[in-house]
Structures are given as C-alpha cells and as structure tokens.
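Chemist: Provided herewith: model29.cif, mmCIF, C-alpha atoms and all ligand atoms.
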```cif
data_final
loop_
_atom_site.group_PDB
_atom_site.id
_atom_site.type_symbol
_atom_site.label_atom_id
_atom_site.label_comp_id
_atom_site.auth_asym_id
_atom_site.auth_seq_id
_atom_site.Cartn_x
_atom_site.Cartn_y
_atom_site.Cartn_z
ATOM 1 C CA MET A 1 -8.676 8.086 20.263
ATOM 2 C CA THR A 2 -6.285 5.176 19.914
ATOM 3 C CA GLN A 3 -4.415 4.545 16.688
ATOM 4 C CA ASP A 4 -6.684 1.570 16.014
ATOM 5 C CA GLU A 5 -9.803 3.711 16.525
ATOM 6 C CA LEU A 6 -8.422 6.220 13.996
ATOM 7 C CA LYS A 7 -7.831 3.362 11.556
ATOM 8 C CA ALA A 8 -11.415 2.160 12.059
ATOM 9 C CA LEU A 9 -12.687 5.711 11.489
ATOM 10 C CA VAL A 10 -11.000 6.055 8.090
ATOM 11 C CA GLY A 11 -11.862 2.468 7.184
ATOM 12 C CA ARG A 12 -15.536 3.362 7.534
ATOM 13 C CA ALA A 13 -15.097 6.755 5.857
ATOM 14 C CA ALA A 14 -13.724 5.100 2.715
ATOM 15 C CA LEU A 15 -17.174 3.630 2.028
ATOM 16 C CA ARG A 16 -18.144 6.979 0.521
ATOM 17 C CA TYR A 17 -15.854 6.161 -2.439
ATOM 18 C CA VAL A 18 -17.450 2.759 -3.026
ATOM 19 C CA VAL A 19 -20.274 2.489 -5.540
ATOM 20 C CA PRO A 20 -22.603 -0.474 -4.892
ATOM 21 C CA GLY A 21 -22.553 -3.090 -7.621
ATOM 22 C CA THR A 22 -19.005 -2.325 -8.764
ATOM 23 C CA VAL A 23 -15.814 -4.352 -8.372
ATOM 24 C CA ILE A 24 -13.216 -2.535 -6.266
ATOM 25 C CA GLY A 25 -9.558 -3.007 -5.388
ATOM 26 C CA VAL A 26 -8.704 -3.825 -1.791
ATOM 27 C CA GLY A 27 -5.304 -3.383 -0.152
ATOM 28 C CA THR A 28 -3.726 -5.013 2.862
ATOM 29 C CA GLY A 29 -3.089 -4.220 6.514
ATOM 30 C CA SER A 30 -4.789 -3.378 9.778
ATOM 31 C CA THR A 31 -6.444 -0.215 8.405
ATOM 32 C CA VAL A 32 -7.775 -2.095 5.386
ATOM 33 C CA ASN A 33 -9.095 -4.798 7.711
ATOM 34 C CA HIS A 34 -11.417 -2.163 9.169
ATOM 35 C CA PHE A 35 -12.408 -1.151 5.636
ATOM 36 C CA ILE A 36 -13.235 -4.757 4.753
ATOM 37 C CA ASP A 37 -15.363 -5.041 7.894
ATOM 38 C CA ALA A 38 -17.182 -1.842 6.912
ATOM 39 C CA LEU A 39 -17.683 -3.114 3.336
ATOM 40 C CA ALA A 40 -19.475 -6.142 4.708
ATOM 41 C CA THR A 41 -22.065 -3.873 6.367
ATOM 42 C CA MET A 42 -23.129 -2.110 3.129
ATOM 43 C CA GLN A 43 -26.875 -2.365 2.476
ATOM 44 C CA SER A 44 -26.257 -2.613 -1.287
ATOM 45 C CA PRO A 45 -23.051 -4.572 -1.589
ATOM 46 C CA VAL A 46 -20.198 -4.390 -4.059
ATOM 47 C CA ALA A 47 -20.135 -6.946 -6.874
ATOM 48 C CA GLY A 48 -16.729 -8.102 -5.706
ATOM 49 C CA ALA A 49 -13.157 -7.175 -4.928
ATOM 50 C CA VAL A 50 -9.708 -7.710 -6.380
ATOM 51 C CA SER A 51 -7.462 -8.392 -3.419
ATOM 52 C CA SER A 52 -3.800 -7.515 -2.910
ATOM 53 C CA SER A 53 -2.888 -10.366 -0.559
ATOM 54 C CA LYS A 54 -3.838 -13.788 0.704
ATOM 55 C CA ALA A 55 -4.680 -12.214 4.078
ATOM 56 C CA SER A 56 -7.169 -9.755 2.568
ATOM 57 C CA THR A 57 -8.608 -12.460 0.315
ATOM 58 C CA GLU A 58 -9.338 -14.606 3.366
ATOM 59 C CA ARG A 59 -10.934 -11.708 5.243
ATOM 60 C CA LEU A 60 -13.068 -10.692 2.266
ATOM 61 C CA ALA A 61 -14.225 -14.264 1.664
ATOM 62 C CA ALA A 62 -14.998 -14.773 5.355
ATOM 63 C CA ARG A 63 -17.325 -11.763 5.167
ATOM 64 C CA GLY A 64 -19.108 -13.048 2.066
ATOM 65 C CA ILE A 65 -17.479 -10.664 -0.419
ATOM 66 C CA ARG A 66 -16.673 -12.270 -3.773
ATOM 67 C CA VAL A 67 -12.968 -12.136 -4.655
ATOM 68 C CA LEU A 68 -11.939 -11.860 -8.299
ATOM 69 C CA GLU A 69 -8.515 -12.386 -9.856
ATOM 70 C CA ALA A 70 -6.779 -9.283 -11.225
ATOM 71 C CA GLY A 71 -6.929 -10.865 -14.672
ATOM 72 C CA GLU A 72 -10.720 -10.967 -14.577
ATOM 73 C CA VAL A 73 -11.068 -7.163 -14.692
ATOM 74 C CA GLN A 74 -9.706 -4.467 -16.973
ATOM 75 C CA ARG A 75 -10.289 -1.417 -14.776
ATOM 76 C CA LEU A 76 -11.343 -0.754 -11.216
ATOM 77 C CA PRO A 77 -13.081 2.494 -10.247
ATOM 78 C CA VAL A 78 -11.273 2.643 -6.936
ATOM 79 C CA TYR A 79 -8.495 1.021 -4.936
ATOM 80 C CA VAL A 80 -8.522 1.466 -1.163
ATOM 81 C CA ASP A 81 -5.350 0.793 0.785
ATOM 82 C CA GLY A 82 -3.298 1.949 3.753
ATOM 83 C CA ALA A 83 0.239 3.311 3.809
ATOM 84 C CA ASP A 84 3.266 3.356 6.059
ATOM 85 C CA GLU A 85 4.024 6.985 5.157
ATOM 86 C CA ILE A 86 2.378 9.559 2.908
ATOM 87 C CA ASP A 87 3.848 12.915 1.888
ATOM 88 C CA ALA A 88 2.320 16.228 0.781
ATOM 89 C CA ARG A 89 2.035 15.036 -2.848
ATOM 90 C CA GLY A 90 0.336 11.728 -2.027
ATOM 91 C CA CYS A 91 3.510 9.719 -2.617
ATOM 92 C CA MET A 92 3.741 6.819 -0.201
ATOM 93 C CA ILE A 93 5.944 4.198 1.361
ATOM 94 C CA LYS A 94 4.117 0.878 1.434
ATOM 95 C CA GLY A 95 4.982 -2.728 2.117
ATOM 96 C CA GLY A 96 5.068 -2.876 5.894
ATOM 97 C CA GLY A 97 2.807 -5.895 5.484
ATOM 98 C CA ALA A 98 4.987 -7.325 2.677
ATOM 99 C CA ALA A 99 2.161 -7.049 0.119
ATOM 100 C CA LEU A 100 3.739 -4.249 -1.922
ATOM 101 C CA THR A 101 3.985 -6.032 -5.271
ATOM 102 C CA ARG A 102 0.384 -7.157 -5.419
ATOM 103 C CA GLU A 103 -0.678 -3.787 -4.021
ATOM 104 C CA LYS A 104 1.041 -2.006 -6.895
ATOM 105 C CA ILE A 105 -0.489 -4.408 -9.416
ATOM 106 C CA VAL A 106 -4.021 -3.799 -8.134
ATOM 107 C CA ALA A 107 -3.418 -0.049 -7.773
ATOM 108 C CA ASP A 108 -2.331 -0.011 -11.420
ATOM 109 C CA LEU A 109 -5.805 -1.220 -12.432
ATOM 110 C CA ALA A 110 -7.563 1.538 -10.530
ATOM 111 C CA GLU A 111 -8.785 4.926 -11.646
ATOM 112 C CA ARG A 112 -8.474 6.358 -8.140
ATOM 113 C CA PHE A 113 -6.224 5.378 -5.215
ATOM 114 C CA VAL A 114 -7.860 6.204 -1.893
ATOM 115 C CA CYS A 115 -5.318 5.998 0.902
ATOM 116 C CA ILE A 116 -6.677 5.452 4.418
ATOM 117 C CA ALA A 117 -4.299 6.204 7.267
ATOM 118 C CA ASP A 118 -4.085 7.479 10.795
ATOM 119 C CA ALA A 119 -2.460 10.873 11.194
ATOM 120 C CA SER A 120 0.894 9.425 12.279
ATOM 121 C CA LYS A 121 1.508 8.317 8.672
ATOM 122 C CA ARG A 122 1.615 11.868 7.274
ATOM 123 C CA VAL A 123 5.239 13.021 6.824
ATOM 124 C CA GLU A 124 7.112 15.855 5.130
ATOM 125 C CA VAL A 125 9.794 13.624 3.595
ATOM 126 C CA LEU A 126 9.447 9.865 3.049
ATOM 127 C CA GLY A 127 12.070 7.626 4.608
ATOM 128 C CA ARG A 128 11.799 7.526 8.359
ATOM 129 C CA PHE A 129 9.829 4.293 7.944
ATOM 130 C CA PRO A 130 12.238 1.639 6.607
ATOM 131 C CA LEU A 131 11.671 1.283 2.874
ATOM 132 C CA PRO A 132 10.445 -2.232 1.973
ATOM 133 C CA VAL A 133 11.818 -3.782 -1.210
ATOM 134 C CA GLU A 134 10.784 -7.204 -2.546
ATOM 135 C CA VAL A 135 13.853 -8.868 -4.042
ATOM 136 C CA ILE A 136 14.723 -12.123 -5.836
ATOM 137 C CA ALA A 137 16.743 -14.035 -3.210
ATOM 138 C CA MET A 138 19.942 -14.457 -5.264
ATOM 139 C CA ALA A 139 20.205 -10.673 -5.692
ATOM 140 C CA LEU A 140 19.888 -9.763 -1.991
ATOM 141 C CA PRO A 141 23.580 -8.947 -1.376
ATOM 142 C CA GLN A 142 24.062 -6.860 -4.499
ATOM 143 C CA VAL A 143 20.812 -4.941 -4.022
ATOM 144 C CA ALA A 144 21.854 -4.295 -0.396
ATOM 145 C CA ARG A 145 25.212 -2.934 -1.636
ATOM 146 C CA ARG A 146 23.449 -0.570 -4.029
ATOM 147 C CA PHE A 147 21.424 0.838 -1.132
ATOM 148 C CA GLU A 148 24.625 1.247 0.873
ATOM 149 C CA ALA A 149 25.991 3.396 -1.952
ATOM 150 C CA LEU A 150 22.886 5.592 -1.562
ATOM 151 C CA GLY A 151 23.502 5.927 2.187
ATOM 152 C CA GLY A 152 20.933 3.326 3.232
ATOM 153 C CA LYS A 153 21.264 0.221 5.367
ATOM 154 C CA ALA A 154 19.303 -2.750 4.016
ATOM 155 C CA VAL A 155 18.397 -5.656 6.275
ATOM 156 C CA GLN A 156 16.439 -8.727 5.234
ATOM 157 C CA ARG A 157 13.116 -8.916 7.094
ATOM 158 C CA PRO A 158 13.492 -11.986 9.315
ATOM 159 C CA GLY A 159 11.176 -14.944 8.733
ATOM 160 C CA VAL A 160 9.188 -13.202 5.984
ATOM 161 C CA LEU A 161 8.494 -14.248 2.415
ATOM 162 C CA THR A 162 5.911 -12.403 0.338
ATOM 163 C CA ASP A 163 2.833 -14.074 -1.145
ATOM 164 C CA ASN A 164 5.046 -14.388 -4.253
ATOM 165 C CA GLY A 165 7.679 -16.338 -2.294
ATOM 166 C CA HIS A 166 10.367 -13.647 -2.224
ATOM 167 C CA PRO A 167 12.291 -12.051 0.663
ATOM 168 C CA VAL A 168 11.920 -8.401 1.643
ATOM 169 C CA LEU A 169 14.682 -5.909 2.427
ATOM 170 C CA ASP A 170 13.915 -3.072 4.848
ATOM 171 C CA VAL A 171 16.119 -0.066 4.121
ATOM 172 C CA ARG A 172 16.826 2.492 6.836
ATOM 173 C CA GLY A 173 18.531 5.852 6.544
ATOM 174 C CA LEU A 174 17.129 7.071 3.217
ATOM 175 C CA SER A 175 15.716 10.546 2.768
ATOM 176 C CA ILE A 176 13.389 10.241 -0.199
ATOM 177 C CA THR A 177 13.123 13.835 -1.390
ATOM 178 C CA ASP A 178 12.312 12.887 -5.000
ATOM 179 C CA PRO A 179 10.059 9.809 -4.781
ATOM 180 C CA PRO A 180 9.337 9.462 -8.553
ATOM 181 C CA ALA A 181 13.050 9.535 -9.408
ATOM 182 C CA MET A 182 14.059 7.118 -6.669
ATOM 183 C CA GLU A 183 11.226 4.721 -7.532
ATOM 184 C CA ALA A 184 12.278 4.716 -11.191
ATOM 185 C CA GLU A 185 15.958 4.209 -10.296
ATOM 186 C CA ILE A 186 15.482 1.315 -7.857
ATOM 187 C CA ASN A 187 12.906 -0.396 -10.074
ATOM 188 C CA GLN A 188 15.502 -1.021 -12.742
ATOM 189 C CA TRP A 189 18.110 -2.666 -10.497
ATOM 190 C CA PRO A 190 18.363 -6.349 -11.487
ATOM 191 C CA GLY A 191 16.718 -8.552 -8.865
ATOM 192 C CA VAL A 192 14.314 -5.921 -7.538
ATOM 193 C CA VAL A 193 10.749 -7.155 -7.879
ATOM 194 C CA THR A 194 9.094 -4.055 -6.439
ATOM 195 C CA VAL A 195 10.225 -1.081 -4.402
ATOM 196 C CA GLY A 196 7.776 0.165 -1.781
ATOM 197 C CA ILE A 197 7.808 3.745 -3.083
ATOM 198 C CA PHE A 198 4.385 4.489 -4.565
ATOM 199 C CA ALA A 199 4.990 7.665 -6.553
ATOM 200 C CA ARG A 200 3.835 6.628 -9.995
ATOM 201 C CA HIS A 201 0.824 5.033 -8.282
ATOM 202 C CA ARG A 202 0.419 7.686 -5.638
ATOM 203 C CA ALA A 203 -2.812 8.416 -3.817
ATOM 204 C CA GLY A 204 -5.363 10.714 -5.449
ATOM 205 C CA THR A 205 -7.137 11.073 -2.137
ATOM 206 C CA CYS A 206 -6.057 10.453 1.438
ATOM 207 C CA LEU A 207 -8.489 10.033 4.310
ATOM 208 C CA LEU A 208 -6.440 10.892 7.358
ATOM 209 C CA GLY A 209 -7.741 9.920 10.776
ATOM 210 C CA THR A 210 -7.153 12.673 13.337
ATOM 211 C CA ALA A 211 -8.433 13.397 16.834
ATOM 212 C CA GLU A 212 -10.760 15.990 15.238
ATOM 213 C CA GLY A 213 -12.162 13.490 12.723
ATOM 214 C CA VAL A 214 -11.428 12.468 9.147
ATOM 215 C CA VAL A 215 -9.455 14.976 7.082
ATOM 216 C CA THR A 216 -9.758 14.528 3.314
ATOM 217 C CA LEU A 217 -6.653 15.424 1.312
ATOM 218 C CA SER A 218 -6.737 15.551 -2.477
ATOM 219 C CA TYR A 219 -3.670 15.558 -4.686
HETATM 220 C C1 LIG A 301 1.011 -3.639 3.461
HETATM 221 C C2 LIG A 301 0.942 -2.156 3.415
HETATM 222 C C3 LIG A 301 0.032 -1.475 4.381
HETATM 223 O O1 LIG A 301 -0.872 -0.699 3.681
HETATM 224 C C4 LIG A 301 0.850 -0.615 5.300
HETATM 225 O O2 LIG A 301 1.848 -1.404 5.909
HETATM 226 C C5 LIG A 301 -0.035 0.022 6.384
HETATM 227 O O3 LIG A 301 -0.489 -0.968 7.251
HETATM 228 P P1 LIG A 301 -1.443 -0.676 8.469
HETATM 229 O O4 LIG A 301 -2.758 -0.282 7.906
HETATM 230 O O5 LIG A 301 -1.494 -1.996 9.210
HETATM 231 O O6 LIG A 301 -0.827 0.424 9.314
HETATM 232 O O7 LIG A 301 1.575 -1.490 2.626
HETATM 233 O O8 LIG A 301 1.984 -4.136 2.594
#
```
Translate the structure of the given file into structure tokens.
Modeler:
Amino acid sequence: MTQDELKALVGRAALRYVVPGTVIGVGTGSTVNHFIDALATMQSPVAGAVSSSKASTERLAARGIRVLEAGEVQRLPVYVDGADEIDARGCMIKGGGAALTREKIVADLAERFVCIADASKRVEVLGRFPLPVEVIAMALPQVARRFEALGGKAVQRPGVLTDNGHPVLDVRGLSITDPPAMEAEINQWPGVVTVGIFARHRAGTCLLGTAEGVVTLSY
C-alpha cells in the first residue's frame, strides 16, 4: 500500500471513535483530510466539528459539516489528528502543516486524543523530523540562539505564516528523550507561541496504518 492509502485506511478507522450527534475536534493535514472525507459519509452525522485550521474548516464546510468556534464548546469527547512523529508513550511532534497552535488549543478541549498516522511516523525517540515552533517574529533570532545552545539548528520555514500570522522555525538536530521536560522548557521562552512537542497533550490512542492493517496503540 502507498503512504496515502495507509493514511486513508486510518482516516476511515477513526470513525469508530466518533459518536453520531456529538461535536468533535478535527486536526489538520493529509491524513485528517481522509478522516474528514470519511466523516462526510456517516449515515448518522456528527452535530459539528471544532477545526484546528482554515484548511480543515474549508474542507469540513465543503462536505456539509457544521464548524463551530472553540469558544462555543466546553469539552469535546474526541479530537482526531495526525502527527509527524509519535513515540512509545504517545508523545508527538506536530506542526508540519503549521497548525500546531490551534491543534494544541483544540486538543486541550478534548477528553481523548486519537492520533491517526501511517507506520512511518512511529519512532523510538522524537527529533528526526524537524521540530516546528511558532514564534513571534521579533523573537526569531533569540529563540534560534536558544536552540543552538541545545544543539539544534533552527531555520525559518520559507514563505510560511501560520493561521495566526506568525512565522515557524523548524529545528533540526534535537534528540527529544524527555518530551514533557523539553515542551515545558521551550514553552516558557519569551516569543515562543507554541512548540510542536505534544507531550502534555499526547495521544491516548494511535491508529497506525501498516501493510497488515490498522494497529491500535493505547497509552
Ligand atoms: C499539521 C500537523 C499534521 O498533523 C502533521 O503534519 C501530519 O500531517 P500529515 O497527515 O499530512 O502527514 O501537525 O500541523
């Protein structure tokens, strides 16, 4: 199976975590696009979705799924999203699609984070995928220097601003052996909007697409 077929497989498999008539959280990316397409085929539909990006909002709306603002709900039963990497504890690197801040906000509303990913995303230690960090523009150089002190090389993602209007740094060369500690540390650097380590908001379940089918991992 191709990587895209594996993404479609887990996108469809995530429907088993969706209760008709509820409002759910929806992430961003090519795997989530398959999930949104699958959502639109449900016989008894969801009541709506809180979206983590303009791109997902447009796709949801185009398929007739009502989109609510985060402020309109207090809790979501489930948030379904992809990941760039996921480790053995369900900690993730996210933000390859530059939606990390809104993804963390919507994930924070959810009782359960269901990560959908093809098998290539499963890693032992986070950090081979460049770590995305949304940063206030004036702080870019000093945040980059802080990463250098940690042994990382931060480069601004060319031509990209987030839905919030901020640039993104991609940091190579980090070995993230303690994701909760590194997330907490980077989060308090002045100018950092969001770091793409999802440890505090890690997945509770991961549906991993493999050649043998969907493997369900619980954390
Ligand atoms: C977007 C994300 C995505 O979930 C992540 O990049 C995975 O994307 P894809 O499903 O296209 O592989 O964090 O900000």
Chemist: Could the residues that lie within 6 Å of ligand LIG 301 (chain A), counting all atoms listed in the file, be listed as a PDB file with C-alpha atoms, in the frame of the given file?
Modeler:
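After the write, out.pdb holds the following:
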```
ATOM      1  CA  THR A  28      -3.726  -5.013   2.862  1.00  0.00           C
ATOM      2  CA  GLY A  29      -3.089  -4.220   6.514  1.00  0.00           C
ATOM      3  CA  SER A  30      -4.789  -3.378   9.778  1.00  0.00           C
ATOM      4  CA  THR A  31      -6.444  -0.215   8.405  1.00  0.00           C
ATOM      5  CA  VAL A  32      -7.775  -2.095   5.386  1.00  0.00           C
ATOM      6  CA  ASP A  81      -5.350   0.793   0.785  1.00  0.00           C
ATOM      7  CA  GLY A  82      -3.298   1.949   3.753  1.00  0.00           C
ATOM      8  CA  ALA A  83       0.239   3.311   3.809  1.00  0.00           C
ATOM      9  CA  ASP A  84       3.266   3.356   6.059  1.00  0.00           C
ATOM     10  CA  LYS A  94       4.117   0.878   1.434  1.00  0.00           C
ATOM     11  CA  GLY A  95       4.982  -2.728   2.117  1.00  0.00           C
ATOM     12  CA  GLY A  96       5.068  -2.876   5.894  1.00  0.00           C
ATOM     13  CA  GLY A  97       2.807  -5.895   5.484  1.00  0.00           C
ATOM     14  CA  ALA A  98       4.987  -7.325   2.677  1.00  0.00           C
ATOM     15  CA  ALA A  99       2.161  -7.049   0.119  1.00  0.00           C
ATOM     16  CA  LEU A 100       3.739  -4.249  -1.922  1.00  0.00           C
TER      17      LEU A 100
END
```
Chemist: Please write the residues picked by the PyMOL selection byres (((chain A and resi 64-73) around 10) and not hetatm) on this file as a VMD selection string.
Modeler: chain A and resid 23 to 26 36 39 to 40 45 to 52 56 to 63 74 to 76 102 105 to 106 109
Chemist: Find the distance between atom CA of Ile86 of chain A and atom CA of Glu183 of chain A and write it in Å to one decimal.
Modeler: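 Result for atom CA of Ile86 of chain A versus atom CA of Glu183 of chain A: 14.5 Å, one decimal.
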Chemist: My list of candidates is A:Ile93, A:Leu9, A:Ala137, A:Ala203. Which is closest to Val171 of chain A when distances are computed with all atoms listed in the file?
Modeler: A:Ile93
Chemist: First collect every listed atom of segment 55-74 of chain A; then fit an axis-aligned box around them, widen it by 5 Å on each side, and give centre and edge lengths in Å to one decimal, as lines of an AutoDock Vina configuration file.
Modeler:
```
center_x = -11.9
center_y = -9.6
center_z = -5.8
size_x = 24.4
size_y = 20.3
size_z = 32.3
```
Chemist: How many Å lie between atom CA of Val133 of chain A and atom CA of Val192 of chain A, rounded to one decimal?
Modeler: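 Separation of atom CA of Val133 of chain A and atom CA of Val192 of chain A: 7.1 Å.
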Chemist: Quick one: apply the PyMOL selection byres (((chain A and resi 166) around 8) and not hetatm) to the file and drop the selected residues here as an MDAnalysis selection string.
Modeler: chainID A and resid 134:137 161:165 167:168
Chemist: The selected residues should be written to file as a PDB file, in the coordinates of the input (atoms: C-alpha atoms).
Modeler:
```
ATOM      1  CA  GLU A 134      10.784  -7.204  -2.546  1.00  0.00           C
ATOM      2  CA  VAL A 135      13.853  -8.868  -4.042  1.00  0.00           C
ATOM      3  CA  ILE A 136      14.723 -12.123  -5.836  1.00  0.00           C
ATOM      4  CA  ALA A 137      16.743 -14.035  -3.210  1.00  0.00           C
ATOM      5  CA  LEU A 161       8.494 -14.248   2.415  1.00  0.00           C
ATOM      6  CA  THR A 162       5.911 -12.403   0.338  1.00  0.00           C
ATOM      7  CA  ASP A 163       2.833 -14.074  -1.145  1.00  0.00           C
ATOM      8  CA  ASN A 164       5.046 -14.388  -4.253  1.00  0.00           C
ATOM      9  CA  GLY A 165       7.679 -16.338  -2.294  1.00  0.00           C
ATOM     10  CA  PRO A 167      12.291 -12.051   0.663  1.00  0.00           C
ATOM     11  CA  VAL A 168      11.920  -8.401   1.643  1.00  0.00           C
TER      12      VAL A 168
END
```
Chemist: Measure the distance from atom CA of Asp4 of chain A to atom CA of Ala117 of chain A in Å and round it to one decimal.
Modeler: 10.2 Å
Chemist: Apply the PyMOL selection byres (((chain A and resi 110) around 6) and not hetatm) to the displayed file and report the matching residues as a VMD selection string.
Modeler: chain A and resid 75 to 79 107 to 109 111 to 112
Chemist: Fewer than 2 positions away in the same chain doesn't count, so skip those; otherwise give me all residues within 12 Å of segment 212-214 of chain A, counting all atoms listed in the file, as a list in words.
Modeler: Met1, Glu5, Leu6, Lys7, Ala8, Leu9, Val10, Gly11, Arg12, Ala13, Ala14, Ile116, Ala117, Asp118, Ala119, Cys206, Leu207, Leu208, Gly209, Thr210, Thr216 and Leu217 of chain A
Chemist: I need the residue nearest Ile197 of chain A from this list: A:Pro179, A:Gly27, A:Pro158, A:Gly21. Use all atoms listed in the file for the distance.
Modeler: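 The answer is A:Pro179, which sits nearest to Ile197 of chain A.
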Chemist: Which one of A:Val160, A:Ile176, A:Ala55, A:Val193 sits closest to Leu131 of chain A if you count all atoms listed in the file?
Modeler: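 Distance minimum relative to Leu131 of chain A lands on A:Ile176.
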Chemist: Which one of A:Lys104, A:Arg146, A:Arg157, A:Arg89 sits closest to Arg122 of chain A if you count only C-alpha atoms?
Modeler: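 The shortest atom-to-atom distance to Arg122 of chain A comes from A:Arg89.
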Chemist: Calculated over only C-alpha atoms, which of the candidates A:Gly204, A:Gly90, A:Gly173, A:Gly196 has the smallest distance to Pro132 of chain A?
Modeler: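 So, comparing all the options, the nearest one is A:Gly196.
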Chemist: Considering only C-alpha atoms, can you say which of A:Pro130, A:Ala38, A:Phe113, A:Gly159 comes closest to Arg202 of chain A?
Modeler: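 Closest candidate: A:Phe113.
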